[in-house]
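Q: Following this line is query07.cif, made up of mmCIF, C-alpha atoms:
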```cif
data_my_file
#
loop_
_atom_site.label_atom_id
_atom_site.label_comp_id
_atom_site.auth_asym_id
_atom_site.auth_seq_id
_atom_site.Cartn_x
_atom_site.Cartn_y
_atom_site.Cartn_z
CA MET A 23 108.38 97.93 116.94
CA THR A 24 111.75 97.21 115.38
CA VAL A 25 114.81 99.31 114.65
CA ASN A 26 117.14 99.08 111.67
CA LYS A 27 120.48 99.86 113.28
CA MET A 28 122.21 100.30 109.94
CA THR A 29 120.18 103.20 108.48
CA ASN A 30 117.19 104.07 110.63
CA PRO A 31 117.66 104.75 114.33
CA GLN A 32 113.93 105.49 114.76
CA PRO A 33 111.51 102.74 115.84
CA VAL A 34 109.16 101.48 113.13
CA ASP A 35 105.53 100.87 114.02
CA LYS A 36 104.69 97.94 111.74
CA SER A 37 100.97 98.22 112.47
CA GLN A 38 100.84 101.36 110.28
CA LEU A 39 102.74 100.02 107.25
CA LEU A 40 100.75 100.03 104.02
CA THR A 41 97.43 100.61 105.78
CA ASP A 42 96.50 103.22 103.19
CA LEU A 43 96.35 100.71 100.32
CA PRO A 44 92.81 99.98 99.15
CA PRO A 45 91.55 96.42 98.60
CA TYR A 46 91.52 97.03 94.83
CA ILE A 47 94.41 98.48 92.85
CA TYR A 48 94.15 99.02 89.11
CA GLY A 49 96.82 97.10 87.18
CA THR A 50 97.86 98.90 83.99
CA THR A 51 99.38 96.04 81.99
CA ARG A 52 96.70 96.08 79.27
CA LEU A 53 96.97 99.86 78.87
CA GLY A 54 100.19 99.10 77.02
CA ASP A 55 98.50 96.79 74.48
CA GLN A 56 99.08 98.59 71.19
CA ASN A 57 96.54 96.36 69.44
CA LEU A 58 93.89 98.51 71.13
CA PRO A 59 93.31 102.13 70.04
CA PHE A 60 95.30 104.62 72.12
CA GLU A 61 92.31 106.83 72.94
CA ASP A 62 90.29 103.79 74.09
CA ARG A 63 93.08 102.93 76.50
CA VAL A 64 93.19 106.53 77.76
CA SER A 65 89.42 106.31 78.35
CA VAL A 66 89.89 103.10 80.34
CA ALA A 67 92.60 104.78 82.43
CA ARG A 68 90.30 107.75 83.07
CA ALA A 69 87.48 105.42 84.14
CA ALA A 70 89.90 103.64 86.50
CA MET A 71 90.93 107.04 87.90
CA ASP A 72 87.26 107.56 88.77
CA GLY A 73 87.07 104.19 90.52
CA THR A 74 90.24 103.79 92.56
CA THR A 75 93.00 105.84 94.13
CA TRP A 76 95.92 103.45 93.43
CA PHE A 77 97.40 102.09 90.17
CA HIS A 78 100.16 99.53 89.59
CA THR A 79 102.39 100.10 86.57
CA SER A 80 105.73 99.46 84.90
CA HIS A 81 107.74 100.75 81.98
CA GLN A 82 107.70 97.12 80.82
CA TYR A 83 103.98 97.33 79.94
CA GLY A 84 104.28 98.49 76.33
CA ASN A 85 103.36 102.17 76.14
CA ALA A 86 101.22 102.12 79.29
CA LEU A 87 103.16 105.05 80.75
CA GLN A 88 102.30 107.22 77.74
CA VAL A 89 98.63 106.21 78.08
CA LEU A 90 98.72 107.12 81.78
CA ARG A 91 100.41 110.43 81.03
CA ALA A 92 97.66 111.28 78.52
CA ALA A 93 94.98 110.40 81.09
CA PHE A 94 96.74 112.44 83.79
CA ASP A 95 96.99 115.41 81.41
CA GLN A 96 93.23 115.23 80.80
CA ASP A 97 92.40 115.21 84.51
CA GLY A 98 95.29 116.31 86.69
CA ARG A 99 93.07 116.58 89.77
CA ARG A 100 92.67 112.82 90.11
CA ILE A 101 96.14 111.44 89.47
CA PRO A 102 96.22 108.15 91.40
CA LYS A 103 98.95 107.05 93.72
CA LEU A 104 101.28 104.62 91.99
CA ILE A 105 102.95 101.34 92.78
CA VAL A 106 105.79 101.13 90.26
CA LYS A 107 108.01 98.17 89.43
CA ILE A 108 111.65 99.21 89.87
CA GLY A 109 114.98 97.50 90.31
CA TRP A 110 116.51 94.66 88.38
CA LYS A 111 120.23 93.87 88.20
CA ASN A 112 122.13 96.64 90.00
CA ILE A 113 121.82 99.99 91.75
CA GLU A 114 122.50 101.96 88.56
CA GLU A 115 119.66 100.17 86.77
CA LEU A 116 117.37 100.74 89.77
CA ARG A 117 118.02 104.47 89.75
CA ASP A 118 117.62 104.61 85.95
CA VAL A 119 114.25 102.84 86.10
CA VAL A 120 113.03 105.25 88.81
CA HIS A 121 113.97 108.21 86.59
CA GLN A 122 112.38 106.61 83.50
CA HIS A 123 109.07 106.48 85.34
CA LEU A 124 109.34 109.98 86.77
CA ILE A 125 110.15 111.47 83.37
CA ALA A 126 107.51 109.53 81.42
CA LEU A 127 104.78 110.34 83.94
CA ARG A 128 106.02 113.88 84.67
CA LEU A 129 106.02 113.21 88.40
CA GLU A 130 108.36 114.40 91.11
CA SER A 131 108.16 111.19 93.12
CA LEU A 132 106.85 107.63 93.18
CA ASP A 133 104.50 106.69 95.99
CA LEU A 134 105.55 103.04 96.25
CA GLY A 135 108.48 101.33 94.54
CA GLN A 136 107.98 97.59 94.05
CA LEU A 137 111.50 96.16 94.18
CA CYS A 138 112.05 93.54 91.47
CA LEU A 139 115.53 92.25 92.20
CA SER A 140 117.96 90.00 90.36
CA ASP A 141 121.69 89.40 89.99
CA SER A 142 123.95 91.61 92.15
CA LEU A 143 121.06 93.72 93.42
CA ALA A 144 119.32 90.63 94.80
CA GLU A 145 122.59 89.49 96.40
CA GLU A 146 123.03 92.89 98.07
CA TYR A 147 119.46 92.82 99.30
CA ALA A 148 119.89 89.35 100.83
CA SER A 149 123.16 90.25 102.53
CA GLY A 150 122.46 93.78 103.78
CA GLY A 151 124.62 95.41 101.11
CA ALA A 152 124.87 98.89 99.64
CA CYS A 153 121.41 98.76 98.06
CA TYR A 154 119.88 99.73 101.41
CA GLU A 155 121.87 102.96 101.39
CA GLU A 156 120.51 103.65 97.91
CA PHE A 157 116.93 102.91 99.02
CA SER A 158 117.40 105.35 101.90
CA ARG A 159 118.94 107.92 99.55
CA LEU A 160 115.98 107.65 97.15
CA LYS A 161 113.65 108.24 100.09
CA GLN A 162 115.68 111.19 101.39
CA GLN A 163 115.73 112.73 97.90
CA GLY A 164 111.96 112.34 97.79
CA LEU A 165 112.09 110.23 94.61
CA VAL A 166 110.46 107.12 96.13
CA HIS A 167 108.39 107.42 99.31
CA ARG A 168 108.15 103.73 100.23
CA PHE A 169 109.28 100.30 99.07
CA VAL A 170 107.81 96.82 98.92
CA LEU A 171 109.50 93.67 97.67
CA GLU A 172 108.20 91.51 94.84
CA VAL A 173 108.57 87.86 95.86
CA PHE A 174 108.03 84.78 93.74
CA PRO A 175 108.77 81.16 94.70
CA TRP A 176 112.05 81.40 92.76
CA THR A 177 113.09 84.61 94.58
CA SER A 178 111.83 83.83 98.07
CA ASP A 179 115.29 82.82 99.30
CA VAL A 180 116.46 86.43 98.80
CA ALA A 181 113.54 87.80 100.83
CA LEU A 182 114.01 85.20 103.56
CA LYS A 183 117.76 85.83 103.95
CA ALA A 184 117.21 89.58 104.12
CA ARG A 185 114.36 89.25 106.61
CA ARG A 186 116.36 86.92 108.84
CA GLY A 187 119.18 89.46 108.80
CA GLY A 188 116.78 92.30 109.65
CA TYR A 189 118.11 94.36 106.74
CA PRO A 190 114.80 95.63 105.29
CA GLU A 191 113.46 96.85 108.66
CA GLY A 192 112.64 100.53 108.51
CA ILE A 193 113.42 100.74 104.79
CA VAL A 194 111.15 98.27 102.99
CA ASP A 195 107.53 98.28 104.09
#
```
Taking this structure as input, can you express it in the form of structure tokens?
A:
Amino acid sequence: MTVNKMTNPQPVDKSQLLTDLPPYIYGTTRLGDQNLPFEDRVSVARAAMDGTTWFHTSHQYGNALQVLRAAFDQDGRRIPKLIVKIGWKNIEELRDVVHQHLIALRLESLDLGQLCLSDSLAEEYASGGACYEEFSRLKQQGLVHRFVLEVFPWTSDVALKARRGGYPEGIVD
């Protein structure tokens, strides 16, 4: 167990982090492909809702959010949990992207925010900056339940610096 002294005085049991994720998560990128008929894409989303409990999506995937909303409206009993790409250049953009998703999908909260960081937001993440307070605030407000970090070879230095500093402990799963 570890403790984030900055924002979370409670011990974190790492053995329980993300254990509820299934081995298969439906990626919604192609739902935003406007070369395919809208209703066909809604049907695909509905079929995926029958087959898995988690989806991965982003407002960057064409009109995938509108397709998902239509599928959710058709069967509101089986709305999947969502991993949603959020973040980018600064805290204001992060918060805006969270709200874009909530509004488009007519949800009150996001299950899992996938942090996609660049520019000043990446610098804050690496150095233990104010972004961690915003992540905690989003959790406290119930807008995002959990966070994970997107890491590519060209962004791994940010993740490594933050991890070495212990900054994500208790905030980013």
Q: Compile a residue-level contact table for range 81-166 of chain A against range 172-177 of chain A at a cut-off of 10 Å, reporting for every qualifying residue the shortest atom pair and its distance in Å to one decimal, with all atoms listed in the file counted, rows ordered by chain and ascending number, as JSON lines.
A:
```
{"residue": "A:Lys107", "atom": "CA", "partner": "A:Glu172", "partner_atom": "CA", "distance": 8.6}
{"residue": "A:Ile108", "atom": "CA", "partner": "A:Glu172", "partner_atom": "CA", "distance": 9.8}
{"residue": "A:Gly135", "atom": "CA", "partner": "A:Glu172", "partner_atom": "CA", "distance": 9.8}
{"residue": "A:Gln136", "atom": "CA", "partner": "A:Glu172", "partner_atom": "CA", "distance": 6.1}
{"residue": "A:Leu137", "atom": "CA", "partner": "A:Glu172", "partner_atom": "CA", "distance": 5.7}
{"residue": "A:Cys138", "atom": "CA", "partner": "A:Glu172", "partner_atom": "CA", "distance": 5.5}
{"residue": "A:Leu139", "atom": "CA", "partner": "A:Glu172", "partner_atom": "CA", "distance": 7.8}
{"residue": "A:Ser140", "atom": "CA", "partner": "A:Thr177", "partner_atom": "CA", "distance": 8.4}
{"residue": "A:Ala144", "atom": "CA", "partner": "A:Thr177", "partner_atom": "CA", "distance": 8.7}
```
Q: To one decimal in Å, tell me the separation between CA of Ile125 in chain A and CA of Arg91 in chain A.
A: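 Separation of CA of Ile125 in chain A and CA of Arg91 in chain A: 10.1 Å.
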Q: In the coordinate frame of the file, compute which residues have an atom within 6 Å of (97.2, 103.0, 94.9) when using only C-alpha atoms, and state them as a list in words.
A: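 These residues have at least one counted atom within 6 Å: Leu43, Ile47, Thr75, Trp76, Phe77, Lys103 and Leu104 of chain A.
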Q: How would you write as a PyMOL selection string the residues that get within 12 Å of (98.2, 111.5, 83.6) in the file's frame, counting all atoms listed in the file?
A: chain A and resi 64-65+67-68+70-71+77+86-104+124-129
Q: So how far away is CA of Arg159 in chain A from CA of Gly84 in chain A, in Å?
A: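 CA of Gly84 in chain A sits 29.0 Å away from CA of Arg159 in chain A.
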Q: Within 9 Å of Asp133 in chain A, counting all atoms listed in the file, which residues qualify if same-chain residues fewer than 6 places away don't, as a ChimeraX atom specification?
A: /A:103-106,165-169
Q: Rank A:Val194, A:Val170, A:Leu160, A:Ala69 by their smallest atom-to-atom distance to Val120 in chain A, using all atoms listed in the file, and report the top residue only.
A: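 Of the candidates, the smallest distance to Val120 in chain A is held by A:Leu160.
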Q: Which residue out of A:Gly187, A:Gly109, A:Gly150, A:Gly192 has the minimum interatomic distance to Leu39 in chain A when all atoms listed in the file are used?
A: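 With all atoms listed in the file as the atom set, the closest residue is A:Gly192.
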Q: Could you check how far CA of Glu146 in chain A sits from CA of Gly164 in chain A, in Å to one decimal?
A: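 According to the coordinates, CA of Glu146 in chain A and CA of Gly164 in chain A are separated by 22.4 Å.
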Q: Suppose a student applies the PyMOL selection byres ((chain A and resi 142) around 12) to this structure; what residues should they get, written as a list in words?
A: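 So the PyMOL selection byres ((chain A and resi 142) around 12), applied here, picks out Gly109, Trp110, Lys111, Asn112, Ile113, Glu114, Glu115, Leu116, Leu139, Ser140, Asp141, Leu143, Ala144, Glu145, Glu146, Tyr147, Ala148, Ser149, Gly150, Gly151, Ala152, Cys153 and Val180 of chain A.
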Q: Just the selected residues (C-alpha atoms), exported as a JSON list (two decimals), keeping the file's coordinate frame, please.
A:
```json
[["chain", "number", "residue", "atom", "x", "y", "z"],
["A", 109, "GLY", "CA", 114.98, 97.50, 90.31],
["A", 110, "TRP", "CA", 116.51, 94.66, 88.38],
["A", 111, "LYS", "CA", 120.23, 93.87, 88.20],
["A", 112, "ASN", "CA", 122.13, 96.64, 90.00],
["A", 113, "ILE", "CA", 121.82, 99.99, 91.75],
["A", 114, "GLU", "CA", 122.50, 101.96, 88.56],
["A", 115, "GLU", "CA", 119.66, 100.17, 86.77],
["A", 116, "LEU", "CA", 117.37, 100.74, 89.77],
["A", 139, "LEU", "CA", 115.53, 92.25, 92.20],
["A", 140, "SER", "CA", 117.96, 90.00, 90.36],
["A", 141, "ASP", "CA", 121.69, 89.40, 89.99],
["A", 143, "LEU", "CA", 121.06, 93.72, 93.42],
["A", 144, "ALA", "CA", 119.32, 90.63, 94.80],
["A", 145, "GLU", "CA", 122.59, 89.49, 96.40],
["A", 146, "GLU", "CA", 123.03, 92.89, 98.07],
["A", 147, "TYR", "CA", 119.46, 92.82, 99.30],
["A", 148, "ALA", "CA", 119.89, 89.35, 100.83],
["A", 149, "SER", "CA", 123.16, 90.25, 102.53],
["A", 150, "GLY", "CA", 122.46, 93.78, 103.78],
["A", 151, "GLY", "CA", 124.62, 95.41, 101.11],
["A", 152, "ALA", "CA", 124.87, 98.89, 99.64],
["A", 153, "CYS", "CA", 121.41, 98.76, 98.06],
["A", 180, "VAL", "CA", 116.46, 86.43, 98.80]]
```
Q: So for range 80-96 of chain A, what box centre and size do we get, axis-aligned, 5 Å extra on each of the six sides, every listed atom, Å to one decimal, as JSON?
A:
```
{"center_x": 100.5, "center_y": 106.3, "center_z": 80.5, "size_x": 24.5, "size_y": 28.3, "size_z": 18.8}
```
Q: Can you work out which one of A:Pro190, A:Tyr48, A:Ala184, A:Gln122 has the shortest atom-to-atom distance to Asp72 in chain A, counting only C-alpha atoms?
A: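 Of A:Pro190, A:Tyr48, A:Ala184, A:Gln122, the one nearest Asp72 in chain A, counting only C-alpha atoms, is A:Tyr48.
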Q: Counting only C-alpha atoms, figure out which residue out of A:Ile193, A:Ala181, A:Gly54, A:Glu130 gets nearest to Glu156 in chain A.
A: A:Ile193
Q: Restricting the calculation to only C-alpha atoms, which member of A:Leu134, A:Leu171, A:Val119, A:Val66 is positioned closest to Arg52 in chain A?
A: A:Val66
